[in-house]
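K.L.:
My structure is stored as entry-v4.pdb, with PDB, C-alpha atoms, pLDDT in the B column.
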```pdb
ATOM      1  CA  MET A   1      40.937  53.525  24.100  1.00 47.00           C
ATOM      2  CA  LYS A   2      41.979  49.869  23.893  1.00 47.00           C
ATOM      3  CA  LYS A   3      39.866  49.118  26.971  1.00 45.00           C
ATOM      4  CA  ILE A   4      36.835  50.756  25.338  1.00 39.00           C
ATOM      5  CA  PHE A   5      37.269  48.716  22.139  1.00 37.00           C
ATOM      6  CA  THR A   6      37.762  45.579  24.211  1.00 47.00           C
ATOM      7  CA  ILE A   7      34.564  46.271  26.162  1.00 40.00           C
ATOM      8  CA  ILE A   8      32.590  46.989  22.967  1.00 37.00           C
ATOM      9  CA  ALA A   9      33.930  43.828  21.277  1.00 41.00           C
ATOM     10  CA  GLY A  10      33.083  41.792  24.348  1.00 45.00           C
ATOM     11  CA  CYS A  11      29.535  43.154  24.416  1.00 35.00           C
ATOM     12  CA  LEU A  12      29.057  42.410  20.712  1.00 34.00           C
ATOM     13  CA  LEU A  13      30.384  38.888  21.175  1.00 42.00           C
ATOM     14  CA  LEU A  14      28.073  38.257  24.132  1.00 41.00           C
ATOM     15  CA  ASN A  15      25.075  39.619  22.199  1.00 41.00           C
ATOM     16  CA  ALA A  16      25.903  37.481  19.169  1.00 39.00           C
ATOM     17  CA  ASN A  17      26.282  34.404  21.337  1.00 46.00           C
ATOM     18  CA  ALA A  18      22.989  35.113  23.130  1.00 38.00           C
ATOM     19  CA  PHE A  19      21.208  35.618  19.777  1.00 38.00           C
ATOM     20  CA  ALA A  20      22.604  32.329  18.446  1.00 41.00           C
ATOM     21  CA  LEU A  21      21.451  30.463  21.550  1.00 41.00           C
ATOM     22  CA  GLU A  22      18.026  32.093  21.360  1.00 42.00           C
ATOM     23  CA  THR A  23      17.693  31.209  17.652  1.00 41.00           C
ATOM     24  CA  LYS A  24      18.757  27.615  18.288  1.00 46.00           C
ATOM     25  CA  ALA A  25      16.274  27.287  21.152  1.00 43.00           C
ATOM     26  CA  ALA A  26      13.507  28.714  18.962  1.00 41.00           C
ATOM     27  CA  GLU A  27      14.338  26.273  16.160  1.00 43.00           C
ATOM     28  CA  GLU A  28      14.373  23.344  18.589  1.00 47.00           C
ATOM     29  CA  ASP A  29      11.063  24.496  20.049  1.00 48.00           C
ATOM     30  CA  LEU A  30       9.582  24.837  16.547  1.00 43.00           C
ATOM     31  CA  THR A  31      10.841  21.378  15.578  1.00 50.00           C
ATOM     32  CA  THR A  32       9.334  19.939  18.752  1.00 55.00           C
ATOM     33  CA  LYS A  33       5.984  21.599  18.016  1.00 59.00           C
ATOM     34  CA  ASN A  34       5.975  20.144  14.504  1.00 76.00           C
ATOM     35  CA  SER A  35       6.667  16.631  15.817  1.00 89.00           C
ATOM     36  CA  PHE A  36       3.490  14.781  16.701  1.00 91.00           C
ATOM     37  CA  PHE A  37       1.893  11.346  16.953  1.00 94.00           C
ATOM     38  CA  GLU A  38      -1.299  10.459  15.075  1.00 95.00           C
ATOM     39  CA  ILE A  39      -3.703   7.570  14.604  1.00 96.00           C
ATOM     40  CA  LYS A  40      -5.529   6.914  11.328  1.00 97.00           C
ATOM     41  CA  LEU A  41      -8.520   4.693  10.610  1.00 97.00           C
ATOM     42  CA  GLY A  42      -9.428   4.078   6.987  1.00 97.00           C
ATOM     43  CA  TYR A  43     -11.085   1.931   4.338  1.00 97.00           C
ATOM     44  CA  GLY A  44      -9.283   0.811   1.182  1.00 96.00           C
ATOM     45  CA  ILE A  45     -10.722   0.854  -2.331  1.00 93.00           C
ATOM     46  CA  GLY A  46      -8.853  -0.892  -5.113  1.00 94.00           C
ATOM     47  CA  GLY A  47      -7.585  -4.290  -6.154  1.00 93.00           C
ATOM     48  CA  THR A  48      -4.735  -6.519  -7.244  1.00 93.00           C
ATOM     49  CA  ALA A  49      -4.302  -6.004 -10.960  1.00 91.00           C
ATOM     50  CA  PRO A  50      -1.899  -6.503 -13.874  1.00 91.00           C
ATOM     51  CA  LEU A  51      -0.476  -3.455 -15.663  1.00 87.00           C
ATOM     52  CA  PRO A  52      -1.335  -3.144 -18.454  1.00 88.00           C
ATOM     53  CA  ILE A  53      -4.383  -5.434 -18.750  1.00 89.00           C
ATOM     54  CA  PRO A  54      -3.064  -8.495 -20.648  1.00 90.00           C
ATOM     55  CA  ALA A  55      -4.649  -9.934 -23.775  1.00 90.00           C
ATOM     56  CA  GLU A  56      -5.603 -13.112 -21.885  1.00 91.00           C
ATOM     57  CA  ILE A  57      -8.273 -11.207 -19.938  1.00 93.00           C
ATOM     58  CA  ARG A  58     -11.055 -10.613 -22.450  1.00 94.00           C
ATOM     59  CA  LYS A  59     -13.794  -9.247 -20.175  1.00 94.00           C
ATOM     60  CA  ILE A  60     -14.325  -8.250 -16.538  1.00 93.00           C
ATOM     61  CA  ASN A  61     -17.737  -9.572 -15.486  1.00 95.00           C
ATOM     62  CA  GLY A  62     -17.736  -8.503 -11.839  1.00 95.00           C
ATOM     63  CA  PHE A  63     -15.650  -6.947  -9.075  1.00 94.00           C
ATOM     64  CA  LYS A  64     -16.228  -6.993  -5.326  1.00 94.00           C
ATOM     65  CA  PRO A  65     -13.832  -5.510  -2.731  1.00 93.00           C
ATOM     66  CA  LEU A  66     -13.511  -7.127   0.673  1.00 94.00           C
ATOM     67  CA  PHE A  67     -13.649  -5.191   3.958  1.00 95.00           C
ATOM     68  CA  ASN A  68     -10.280  -3.503   3.416  1.00 97.00           C
ATOM     69  CA  PHE A  69      -9.689  -1.754   6.734  1.00 96.00           C
ATOM     70  CA  SER A  70      -6.532   0.144   7.706  1.00 97.00           C
ATOM     71  CA  VAL A  71      -5.286   1.060  11.211  1.00 97.00           C
ATOM     72  CA  GLN A  72      -2.208   3.288  11.365  1.00 97.00           C
ATOM     73  CA  ALA A  73      -0.022   4.600  14.203  1.00 97.00           C
ATOM     74  CA  LEU A  74       2.323   7.250  12.808  1.00 96.00           C
ATOM     75  CA  TYR A  75       4.877   9.738  14.106  1.00 96.00           C
ATOM     76  CA  ASN A  76       5.797  12.918  12.249  1.00 95.00           C
ATOM     77  CA  ILE A  77       9.380  13.972  13.025  1.00 94.00           C
ATOM     78  CA  GLY A  78       9.531  17.742  12.563  1.00 92.00           C
ATOM     79  CA  LEU A  79      12.652  18.914  10.721  1.00 92.00           C
ATOM     80  CA  SER A  80      11.577  22.525  10.228  1.00 90.00           C
ATOM     81  CA  GLU A  81       8.466  24.686  10.212  1.00 87.00           C
ATOM     82  CA  ARG A  82       7.147  22.932   7.096  1.00 90.00           C
ATOM     83  CA  TRP A  83       9.114  19.735   6.519  1.00 94.00           C
ATOM     84  CA  GLY A  84       9.174  16.456   8.399  1.00 95.00           C
ATOM     85  CA  ILE A  85       9.580  12.679   8.175  1.00 96.00           C
ATOM     86  CA  LEU A  86       6.456  10.569   8.604  1.00 96.00           C
ATOM     87  CA  THR A  87       6.884   6.956   9.698  1.00 96.00           C
ATOM     88  CA  GLY A  88       5.242   4.333  11.881  1.00 97.00           C
ATOM     89  CA  VAL A  89       3.297   1.117  11.375  1.00 97.00           C
ATOM     90  CA  ARG A  90      -0.069   0.130   9.932  1.00 97.00           C
ATOM     91  CA  LEU A  91      -2.146  -3.016   9.857  1.00 97.00           C
ATOM     92  CA  GLU A  92      -4.134  -3.300   6.648  1.00 97.00           C
ATOM     93  CA  ARG A  93      -6.169  -5.678   4.574  1.00 97.00           C
ATOM     94  CA  LYS A  94      -6.034  -5.755   0.776  1.00 96.00           C
ATOM     95  CA  GLY A  95      -8.607  -8.041  -0.763  1.00 96.00           C
ATOM     96  CA  MET A  96     -11.002  -8.412  -3.668  1.00 96.00           C
ATOM     97  CA  THR A  97     -12.944 -10.913  -5.780  1.00 96.00           C
ATOM     98  CA  THR A  98     -12.998 -10.611  -9.570  1.00 95.00           C
ATOM     99  CA  GLU A  99     -15.035 -12.477 -12.167  1.00 96.00           C
ATOM    100  CA  ALA A 100     -13.665 -12.504 -15.708  1.00 96.00           C
ATOM    101  CA  THR A 101     -13.798 -14.221 -19.080  1.00 96.00           C
ATOM    102  CA  VAL A 102     -10.311 -15.234 -20.256  1.00 95.00           C
ATOM    103  CA  LYS A 103      -8.528 -16.962 -23.120  1.00 94.00           C
ATOM    104  CA  ASN A 104      -5.292 -18.982 -22.815  1.00 92.00           C
ATOM    105  CA  TYR A 105      -4.996 -17.903 -19.165  1.00 92.00           C
ATOM    106  CA  GLY A 106      -2.309 -19.758 -17.177  1.00 92.00           C
ATOM    107  CA  MET A 107      -4.035 -22.097 -14.727  1.00 91.00           C
ATOM    108  CA  SER A 108      -3.516 -25.096 -12.409  1.00 89.00           C
ATOM    109  CA  ILE A 109      -6.753 -26.733 -11.272  1.00 87.00           C
ATOM    110  CA  MET A 110      -7.692 -29.574  -8.963  1.00 77.00           C
ATOM    111  CA  ASP A 111      -9.227 -32.545 -10.767  1.00 68.00           C
ATOM    112  CA  ASP A 112     -11.876 -34.891  -9.375  1.00 64.00           C
ATOM    113  CA  GLU A 113      -9.223 -37.287  -8.038  1.00 64.00           C
ATOM    114  CA  GLY A 114      -7.393 -34.606  -6.041  1.00 63.00           C
ATOM    115  CA  GLY A 115      -4.557 -34.158  -8.507  1.00 73.00           C
ATOM    116  CA  VAL A 116      -3.375 -30.947 -10.187  1.00 84.00           C
ATOM    117  CA  VAL A 117      -3.650 -30.303 -13.934  1.00 87.00           C
ATOM    118  CA  SER A 118      -1.827 -27.293 -15.412  1.00 90.00           C
ATOM    119  CA  GLY A 119      -2.225 -25.578 -18.748  1.00 92.00           C
ATOM    120  CA  ARG A 120      -4.068 -22.762 -20.505  1.00 93.00           C
ATOM    121  CA  TRP A 121      -7.657 -21.982 -19.546  1.00 94.00           C
ATOM    122  CA  THR A 122     -10.334 -20.478 -21.779  1.00 95.00           C
ATOM    123  CA  GLY A 123     -13.687 -19.634 -20.192  1.00 95.00           C
ATOM    124  CA  ASP A 124     -14.974 -18.069 -16.968  1.00 96.00           C
ATOM    125  CA  VAL A 125     -12.766 -17.604 -13.917  1.00 95.00           C
ATOM    126  CA  THR A 126     -13.423 -16.231 -10.425  1.00 96.00           C
ATOM    127  CA  MET A 127     -10.317 -15.029  -8.553  1.00 95.00           C
ATOM    128  CA  SER A 128     -10.093 -13.988  -4.893  1.00 96.00           C
ATOM    129  CA  SER A 129      -7.070 -12.263  -3.376  1.00 96.00           C
ATOM    130  CA  ASP A 130      -6.815 -11.541   0.362  1.00 97.00           C
ATOM    131  CA  ILE A 131      -3.691 -10.083   2.001  1.00 97.00           C
ATOM    132  CA  MET A 132      -3.383  -9.099   5.677  1.00 97.00           C
ATOM    133  CA  GLN A 133      -0.264  -7.005   6.004  1.00 97.00           C
ATOM    134  CA  LEU A 134       1.898  -5.173   8.534  1.00 97.00           C
ATOM    135  CA  THR A 135       3.431  -2.159   6.822  1.00 97.00           C
ATOM    136  CA  ILE A 136       6.153   0.336   7.705  1.00 97.00           C
ATOM    137  CA  PRO A 137       5.869   3.549   5.620  1.00 97.00           C
ATOM    138  CA  VAL A 138       8.603   6.196   5.423  1.00 97.00           C
ATOM    139  CA  SER A 139       7.593   9.475   3.780  1.00 97.00           C
ATOM    140  CA  ALA A 140       8.634  13.096   3.504  1.00 97.00           C
ATOM    141  CA  SER A 141       5.837  15.343   4.830  1.00 96.00           C
ATOM    142  CA  LEU A 142       5.143  18.951   3.919  1.00 95.00           C
ATOM    143  CA  ASN A 143       2.840  21.354   5.749  1.00 92.00           C
ATOM    144  CA  CYS A 144       1.303  23.367   2.912  1.00 91.00           C
ATOM    145  CA  SER A 145      -0.795  25.429   5.353  1.00 89.00           C
ATOM    146  CA  GLU A 146      -2.366  25.190   8.797  1.00 86.00           C
ATOM    147  CA  LYS A 147      -5.050  22.904   7.323  1.00 92.00           C
ATOM    148  CA  TRP A 148      -3.270  20.876   4.646  1.00 94.00           C
ATOM    149  CA  CYS A 149      -0.360  18.443   4.833  1.00 95.00           C
ATOM    150  CA  VAL A 150       0.929  16.187   2.034  1.00 96.00           C
ATOM    151  CA  HIS A 151       3.381  13.295   2.072  1.00 97.00           C
ATOM    152  CA  ALA A 152       5.128  10.924  -0.350  1.00 98.00           C
ATOM    153  CA  GLY A 153       7.569   8.063   0.057  1.00 97.00           C
ATOM    154  CA  MET A 154       7.932   4.272   0.128  1.00 98.00           C
ATOM    155  CA  TYR A 155       6.674   1.404   2.250  1.00 98.00           C
ATOM    156  CA  LEU A 156       7.793  -2.078   3.254  1.00 97.00           C
ATOM    157  CA  GLY A 157       5.072  -4.612   4.034  1.00 97.00           C
ATOM    158  CA  TYR A 158       5.076  -8.102   5.534  1.00 97.00           C
ATOM    159  CA  ALA A 159       2.084 -10.370   4.883  1.00 96.00           C
ATOM    160  CA  VAL A 160       0.921 -12.071   8.076  1.00 95.00           C
ATOM    161  CA  LYS A 161      -1.722 -13.837   5.961  1.00 95.00           C
ATOM    162  CA  HIS A 162      -2.200 -14.183   2.208  1.00 96.00           C
ATOM    163  CA  GLU A 163      -4.573 -16.122  -0.024  1.00 96.00           C
ATOM    164  CA  PHE A 164      -5.129 -16.312  -3.775  1.00 96.00           C
ATOM    165  CA  ASN A 165      -7.693 -18.852  -4.936  1.00 95.00           C
ATOM    166  CA  GLY A 166     -10.841 -19.288  -7.000  1.00 94.00           C
ATOM    167  CA  GLU A 167     -12.611 -21.486  -9.516  1.00 94.00           C
ATOM    168  CA  VAL A 168     -13.122 -21.970 -13.246  1.00 94.00           C
ATOM    169  CA  CYS A 169     -16.171 -23.115 -15.221  1.00 93.00           C
ATOM    170  CA  ASN A 170     -17.921 -22.887 -18.607  1.00 93.00           C
ATOM    171  CA  GLY A 171     -14.810 -23.496 -20.686  1.00 94.00           C
ATOM    172  CA  TYR A 172     -11.868 -25.805 -21.322  1.00 93.00           C
ATOM    173  CA  LEU A 173      -8.263 -26.325 -20.261  1.00 92.00           C
ATOM    174  CA  ARG A 174      -5.534 -27.077 -22.784  1.00 91.00           C
ATOM    175  CA  GLU A 175      -3.123 -29.227 -20.819  1.00 89.00           C
ATOM    176  CA  GLY A 176       0.454 -27.934 -20.877  1.00 86.00           C
ATOM    177  CA  ASP A 177       0.122 -25.308 -23.641  1.00 84.00           C
ATOM    178  CA  PRO A 178      -2.554 -23.883 -26.002  1.00 82.00           C
ATOM    179  CA  THR A 179      -2.165 -26.923 -28.299  1.00 85.00           C
ATOM    180  CA  GLY A 180      -2.331 -29.583 -25.569  1.00 86.00           C
ATOM    181  CA  ALA A 181      -5.065 -32.082 -24.749  1.00 89.00           C
ATOM    182  CA  LYS A 182      -8.461 -30.428 -24.228  1.00 90.00           C
ATOM    183  CA  ILE A 183     -10.256 -30.875 -20.901  1.00 88.00           C
ATOM    184  CA  GLU A 184     -13.849 -29.651 -20.936  1.00 89.00           C
ATOM    185  CA  ILE A 185     -15.281 -28.125 -17.751  1.00 88.00           C
ATOM    186  CA  ASP A 186     -18.956 -27.219 -17.831  1.00 83.00           C
ATOM    187  CA  GLU A 187     -21.103 -25.520 -15.200  1.00 77.00           C
ATOM    188  CA  LYS A 188     -19.581 -27.563 -12.359  1.00 84.00           C
ATOM    189  CA  PRO A 189     -16.659 -25.401 -11.134  1.00 88.00           C
ATOM    190  CA  GLN A 190     -13.128 -26.680 -10.598  1.00 89.00           C
ATOM    191  CA  THR A 191     -11.014 -24.926  -7.968  1.00 90.00           C
ATOM    192  CA  PHE A 192      -7.452 -23.591  -7.823  1.00 93.00           C
ATOM    193  CA  ASP A 193      -5.277 -22.237  -5.021  1.00 93.00           C
ATOM    194  CA  PHE A 194      -2.016 -20.280  -5.481  1.00 94.00           C
ATOM    195  CA  SER A 195      -1.721 -19.078  -1.870  1.00 95.00           C
ATOM    196  CA  GLU A 196       1.544 -20.922  -1.220  1.00 94.00           C
ATOM    197  CA  ASP A 197       3.150 -19.190  -4.212  1.00 94.00           C
ATOM    198  CA  MET A 198       2.608 -15.663  -2.858  1.00 96.00           C
ATOM    199  CA  ARG A 199       5.521 -13.645  -1.508  1.00 96.00           C
ATOM    200  CA  ASN A 200       5.624 -12.370   2.077  1.00 96.00           C
ATOM    201  CA  ILE A 201       7.494  -9.098   1.466  1.00 96.00           C
ATOM    202  CA  GLN A 202       5.851  -6.270  -0.477  1.00 96.00           C
ATOM    203  CA  LEU A 203       7.548  -3.047  -1.566  1.00 97.00           C
ATOM    204  CA  GLY A 204       5.578  -0.048  -2.733  1.00 97.00           C
ATOM    205  CA  ALA A 205       5.177   3.680  -3.182  1.00 97.00           C
ATOM    206  CA  THR A 206       2.847   5.780  -1.056  1.00 97.00           C
ATOM    207  CA  ALA A 207       1.467   9.320  -1.288  1.00 97.00           C
ATOM    208  CA  GLY A 208      -1.384  11.181   0.345  1.00 97.00           C
ATOM    209  CA  CYS A 209      -2.772  14.232   2.071  1.00 97.00           C
ATOM    210  CA  VAL A 210      -4.494  15.217   5.319  1.00 96.00           C
ATOM    211  CA  PHE A 211      -7.044  17.991   5.783  1.00 96.00           C
ATOM    212  CA  GLN A 212      -6.990  19.127   9.417  1.00 92.00           C
ATOM    213  CA  PHE A 213     -10.549  20.378   9.964  1.00 92.00           C
ATOM    214  CA  HIS A 214      -9.970  20.520  13.732  1.00 88.00           C
ATOM    215  CA  LYS A 215      -6.929  20.983  15.961  1.00 86.00           C
ATOM    216  CA  ARG A 216      -6.794  17.220  16.469  1.00 90.00           C
ATOM    217  CA  PHE A 217      -9.186  15.674  13.934  1.00 96.00           C
ATOM    218  CA  GLY A 218      -8.578  15.386  10.210  1.00 96.00           C
ATOM    219  CA  ALA A 219      -9.637  13.572   7.032  1.00 97.00           C
ATOM    220  CA  PHE A 220      -7.056  11.816   4.874  1.00 98.00           C
ATOM    221  CA  ALA A 221      -6.621  10.148   1.501  1.00 97.00           C
ATOM    222  CA  ASP A 222      -3.702   7.831   0.680  1.00 97.00           C
ATOM    223  CA  LEU A 223      -2.617   5.932  -2.423  1.00 97.00           C
ATOM    224  CA  ASN A 224      -0.495   2.799  -1.922  1.00 97.00           C
ATOM    225  CA  TRP A 225       0.931   1.142  -5.028  1.00 97.00           C
ATOM    226  CA  GLY A 226       2.837  -2.157  -4.836  1.00 96.00           C
ATOM    227  CA  VAL A 227       5.856  -2.256  -7.135  1.00 95.00           C
ATOM    228  CA  ASN A 228       6.665  -5.985  -7.013  1.00 95.00           C
ATOM    229  CA  ASN A 229       4.583  -8.978  -8.049  1.00 95.00           C
ATOM    230  CA  ILE A 230       2.445 -10.590  -5.327  1.00 96.00           C
ATOM    231  CA  PHE A 231       3.821 -13.976  -6.416  1.00 96.00           C
ATOM    232  CA  VAL A 232       7.348 -15.307  -5.909  1.00 95.00           C
ATOM    233  CA  SER A 233       9.762 -14.960  -8.811  1.00 91.00           C
ATOM    234  CA  ASP A 234       9.724 -18.641  -9.824  1.00 90.00           C
ATOM    235  CA  PHE A 235       5.911 -18.843 -10.052  1.00 91.00           C
ATOM    236  CA  GLU A 236       5.091 -19.271 -13.754  1.00 86.00           C
ATOM    237  CA  THR A 237       1.478 -20.453 -13.873  1.00 90.00           C
ATOM    238  CA  ILE A 238       0.131 -16.900 -14.249  1.00 90.00           C
ATOM    239  CA  SER A 239       2.315 -15.377 -16.939  1.00 85.00           C
ATOM    240  CA  PHE A 240       1.956 -11.715 -15.896  1.00 91.00           C
ATOM    241  CA  ASN A 241       2.629  -9.750 -12.704  1.00 94.00           C
ATOM    242  CA  LEU A 242      -0.121  -8.661 -10.288  1.00 95.00           C
ATOM    243  CA  TYR A 243       0.250  -5.500  -8.194  1.00 96.00           C
ATOM    244  CA  PRO A 244      -1.834  -4.400  -5.169  1.00 96.00           C
ATOM    245  CA  ILE A 245      -3.112  -0.867  -5.868  1.00 96.00           C
ATOM    246  CA  TYR A 246      -5.341   0.673  -3.207  1.00 97.00           C
ATOM    247  CA  ALA A 247      -6.617   4.127  -2.277  1.00 97.00           C
ATOM    248  CA  THR A 248      -7.487   4.572   1.414  1.00 97.00           C
ATOM    249  CA  LEU A 249      -9.951   7.146   2.780  1.00 97.00           C
ATOM    250  CA  GLY A 250     -10.456   7.812   6.457  1.00 97.00           C
ATOM    251  CA  VAL A 251     -10.120   9.977   9.550  1.00 98.00           C
ATOM    252  CA  SER A 252      -7.104  10.881  11.674  1.00 96.00           C
ATOM    253  CA  TYR A 253      -6.501  12.009  15.249  1.00 96.00           C
ATOM    254  CA  ALA A 254      -3.327  13.933  16.094  1.00 92.00           C
ATOM    255  CA  PHE A 255      -1.801  14.161  19.582  1.00 90.00           C
ATOM    256  CA  LYS A 256      -0.396  17.708  19.460  1.00 76.00           C
TER     257      LYS A 256
END
```
Go ahead and render the structure in this file as structure tokens.

P.N.:
Amino acid sequence: MKKIFTIIAGCLLLNANAFALETKAAEEDLTTKNSFFEIKLGYGIGGTAPLPIPAEIRKINGFKPLFNFSVQALYNIGLSERWGILTGVRLERKGMTTEATVKNYGMSIMDDEGGVVSGRWTGDVTMSSDIMQLTIPVSASLNCSEKWCVHAGMYLGYAVKHEFNGEVCNGYLREGDPTGAKIEIDEKPQTFDFSEDMRNIQLGATAGCVFQFHKRFGAFADLNWGVNNIFVSDFETISFNLYPIYATLGVSYAFK
């Protein structure tokens, strides 16, 4: 009788072990299937803006985005049937030109002799921001269905090129503060350039979705929101923070 029980116990143990190995292999195979590489090409719509809009900006007279392309190479690390980690690298441009009417707006302009005069500007201003950035996103991804996948996380960006410049006209500069000496500037524009005061590292939040309309091809929409000021911490000419906020639309190709 002991031999029979021993044989039965041995068979049960072998079956349990075989089932565990089979389950583990299936899970590893499923994880492998849900891990894939993809390429995304997109166009960004948005701008670099203060939040909320400060009182110094009285009116937005015009807005023009630059050619804000995005090229992404991403890898989705499958953790389960539905969940994964999405990471990789993207090269992107974030740029725009804005025309506004302002009052007591912090400004440093070049005078006719090549010097710099700082103070508070009231009048028309044209501002151009252009950032070329290498970005590493890290997001949690969720397969909602065979067609839809969503993701959310953070990103770290490094600016390989950045510019912030423009011109002022049709107004006056109060040198130093709003009660300082008044410098009239008529229709002949005076320029400014704050490019050297921009920071290289950008942190932000990212979220988006992909609609897989084909086994390999899809359409995507992403929102990337910078959480730190584009200028370094000791830059005080512009008295409020500016954040790059861009939505990107495009197509994707998955190597599955």

K.L.:
Once you count all atoms listed in the file, which residues end up no further than 9 Å from (7.3, 22.7, 8.0) in the file's frame, shown as a PyMOL selection string?

P.N.:
chain A and resi 31+34+78-84+141-145

K.L.:
At a cut-off of 8 Å around the point (7.3, 0.7, -0.1) (file coordinates), what residues fall inside when counting all atoms listed in the file? I'd like the answer as a list in words.

P.N.:
Ile136, Pro137, Val138, Gly153, Met154, Tyr155, Leu156, Gly157, Gln202, Leu203, Gly204, Ala205, Thr206, Gly226 and Val227 of chain A

K.L.:
Export, as a CSV table (one decimal), keeping the file's coordinate frame, the selected residues with C-alpha atoms.

P.N.:
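Written out: part.csv:
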```
chain,number,residue,atom,x,y,z
A,136,ILE,CA,6.2,0.3,7.7
A,137,PRO,CA,5.9,3.5,5.6
A,138,VAL,CA,8.6,6.2,5.4
A,153,GLY,CA,7.6,8.1,0.1
A,154,MET,CA,7.9,4.3,0.1
A,155,TYR,CA,6.7,1.4,2.2
A,156,LEU,CA,7.8,-2.1,3.3
A,157,GLY,CA,5.1,-4.6,4.0
A,202,GLN,CA,5.9,-6.3,-0.5
A,203,LEU,CA,7.5,-3.0,-1.6
A,204,GLY,CA,5.6,0.0,-2.7
A,205,ALA,CA,5.2,3.7,-3.2
A,206,THR,CA,2.8,5.8,-1.1
A,226,GLY,CA,2.8,-2.2,-4.8
A,227,VAL,CA,5.9,-2.3,-7.1
```

K.L.:
Which one is closest to Asn68 (chain A): A:Val102, A:Val116, A:Ala247, A:Val125? Count only C-alpha atoms.

P.N.:
A:Ala247

K.L.:
Which one of A:Tyr172, A:Phe192, A:Trp225, A:Phe36 sits closest to Lys103 (chain A) if you count all atoms listed in the file?

P.N.:
A:Tyr172

K.L.:
May I ask for the distance between CA of Val168 (chain A) and CA of Lys59 (chain A), given in Å to one decimal place?

P.N.:
14.5 Å

K.L.:
For His214 (chain A), find every residue with an atom within 12 Å (counting all atoms listed in the file), except residues of its own chain fewer than 6 positions away, and show them as a list in words.

P.N.:
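Neighbouring residues, sequence-local ones excluded: Glu146, Lys147, Trp148, Val251, Ser252, Tyr253, Ala254, Phe255 and Lys256 of chain A.
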
K.L.:
Report as a PDB file with C-alpha atoms, in the frame of the given file the residues that result from applying the PyMOL selection byres ((chain A and resi 207) around 8) to the structure here.

P.N.:
```
ATOM      1  CA  SER A 139       7.593   9.475   3.780  1.00 97.00           C
ATOM      2  CA  VAL A 150       0.929  16.187   2.034  1.00 96.00           C
ATOM      3  CA  HIS A 151       3.381  13.295   2.072  1.00 97.00           C
ATOM      4  CA  ALA A 152       5.128  10.924  -0.350  1.00 98.00           C
ATOM      5  CA  GLY A 153       7.569   8.063   0.057  1.00 97.00           C
ATOM      6  CA  ALA A 205       5.177   3.680  -3.182  1.00 97.00           C
ATOM      7  CA  THR A 206       2.847   5.780  -1.056  1.00 97.00           C
ATOM      8  CA  GLY A 208      -1.384  11.181   0.345  1.00 97.00           C
ATOM      9  CA  CYS A 209      -2.772  14.232   2.071  1.00 97.00           C
ATOM     10  CA  ASP A 222      -3.702   7.831   0.680  1.00 97.00           C
ATOM     11  CA  LEU A 223      -2.617   5.932  -2.423  1.00 97.00           C
ATOM     12  CA  ASN A 224      -0.495   2.799  -1.922  1.00 97.00           C
TER      13      ASN A 224
END
```

K.L.:
Please put the answer as AutoDock Vina command-line options: centre and edge lengths, in Å with one decimal, of a box along x, y and z that encloses all listed atoms of region 121-138 of chain A plus 8 Å on each side.

P.N.:
```
--center_x -3.2 --center_y -7.9 --center_z -6.6 --size_x 39.6 --size_y 44.2 --size_z 46.3
```

K.L.:
So which one's closest to Phe164 (chain A), A:Gln133, A:Thr126, A:Ser239, A:Ser35? Using all atoms listed in the file, please.

P.N.:
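Of A:Gln133, A:Thr126, A:Ser239, A:Ser35, the one nearest Phe164 (chain A), counting all atoms listed in the file, is A:Thr126.
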
K.L.:
For a test of reading the model, state the distance in Å between CA of Phe63 (chain A) and CA of Glu167 (chain A), rounded to one decimal.

P.N.:
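Pair CA of Phe63 (chain A) / CA of Glu167 (chain A) returns 14.9 Å.
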
K.L.:
Starting from the PyMOL selection byres ((chain A and resi 49) around 12), expand the selection into actual residues of this file and give them as JSON, numbers by chain.

P.N.:
{"A": [46, 47, 48, 50, 51, 52, 53, 54, 57, 60, 63, 94, 95, 96, 97, 98, 127, 128, 129, 225, 226, 227, 228, 229, 230, 240, 241, 242, 243, 244, 245, 246]}

K.L.:
Go through A:Gln212, A:Thr101, A:Thr191, A:Thr135 and flag the residue nearest Val71 (chain A), using only C-alpha atoms for the distances.

P.N.:
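Among the listed residues, A:Thr135 lies closest to Val71 (chain A).
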
K.L.:
In Å, rounded to a single decimal, give me how far CA of Leu41 (chain A) is from CA of Leu91 (chain A).

P.N.:
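CA of Leu91 (chain A) sits 10.0 Å away from CA of Leu41 (chain A).
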
K.L.:
Closest to Ile45 (chain A) among A:Ser233, A:Ser70, A:Ser108, A:Thr87, using all atoms listed in the file?

P.N.:
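Among the listed residues, A:Ser70 lies closest to Ile45 (chain A).
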
K.L.:
Of the residues A:Thr237, A:Asn104, A:Asn76, A:Asn200, which is the one nearest to Gly123 (chain A), using all atoms listed in the file?

P.N.:
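Using all atoms listed in the file, Gly123 (chain A) sits closest to A:Asn104.
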
K.L.:
Convert the output of the PyMOL selection byres ((chain A and resi 40) around 12) on the shown file into explicit residues, formatted as a PyMOL selection string.

P.N.:
chain A and resi 37-39+41-43+69-75+88-92+210+216-222+248-255
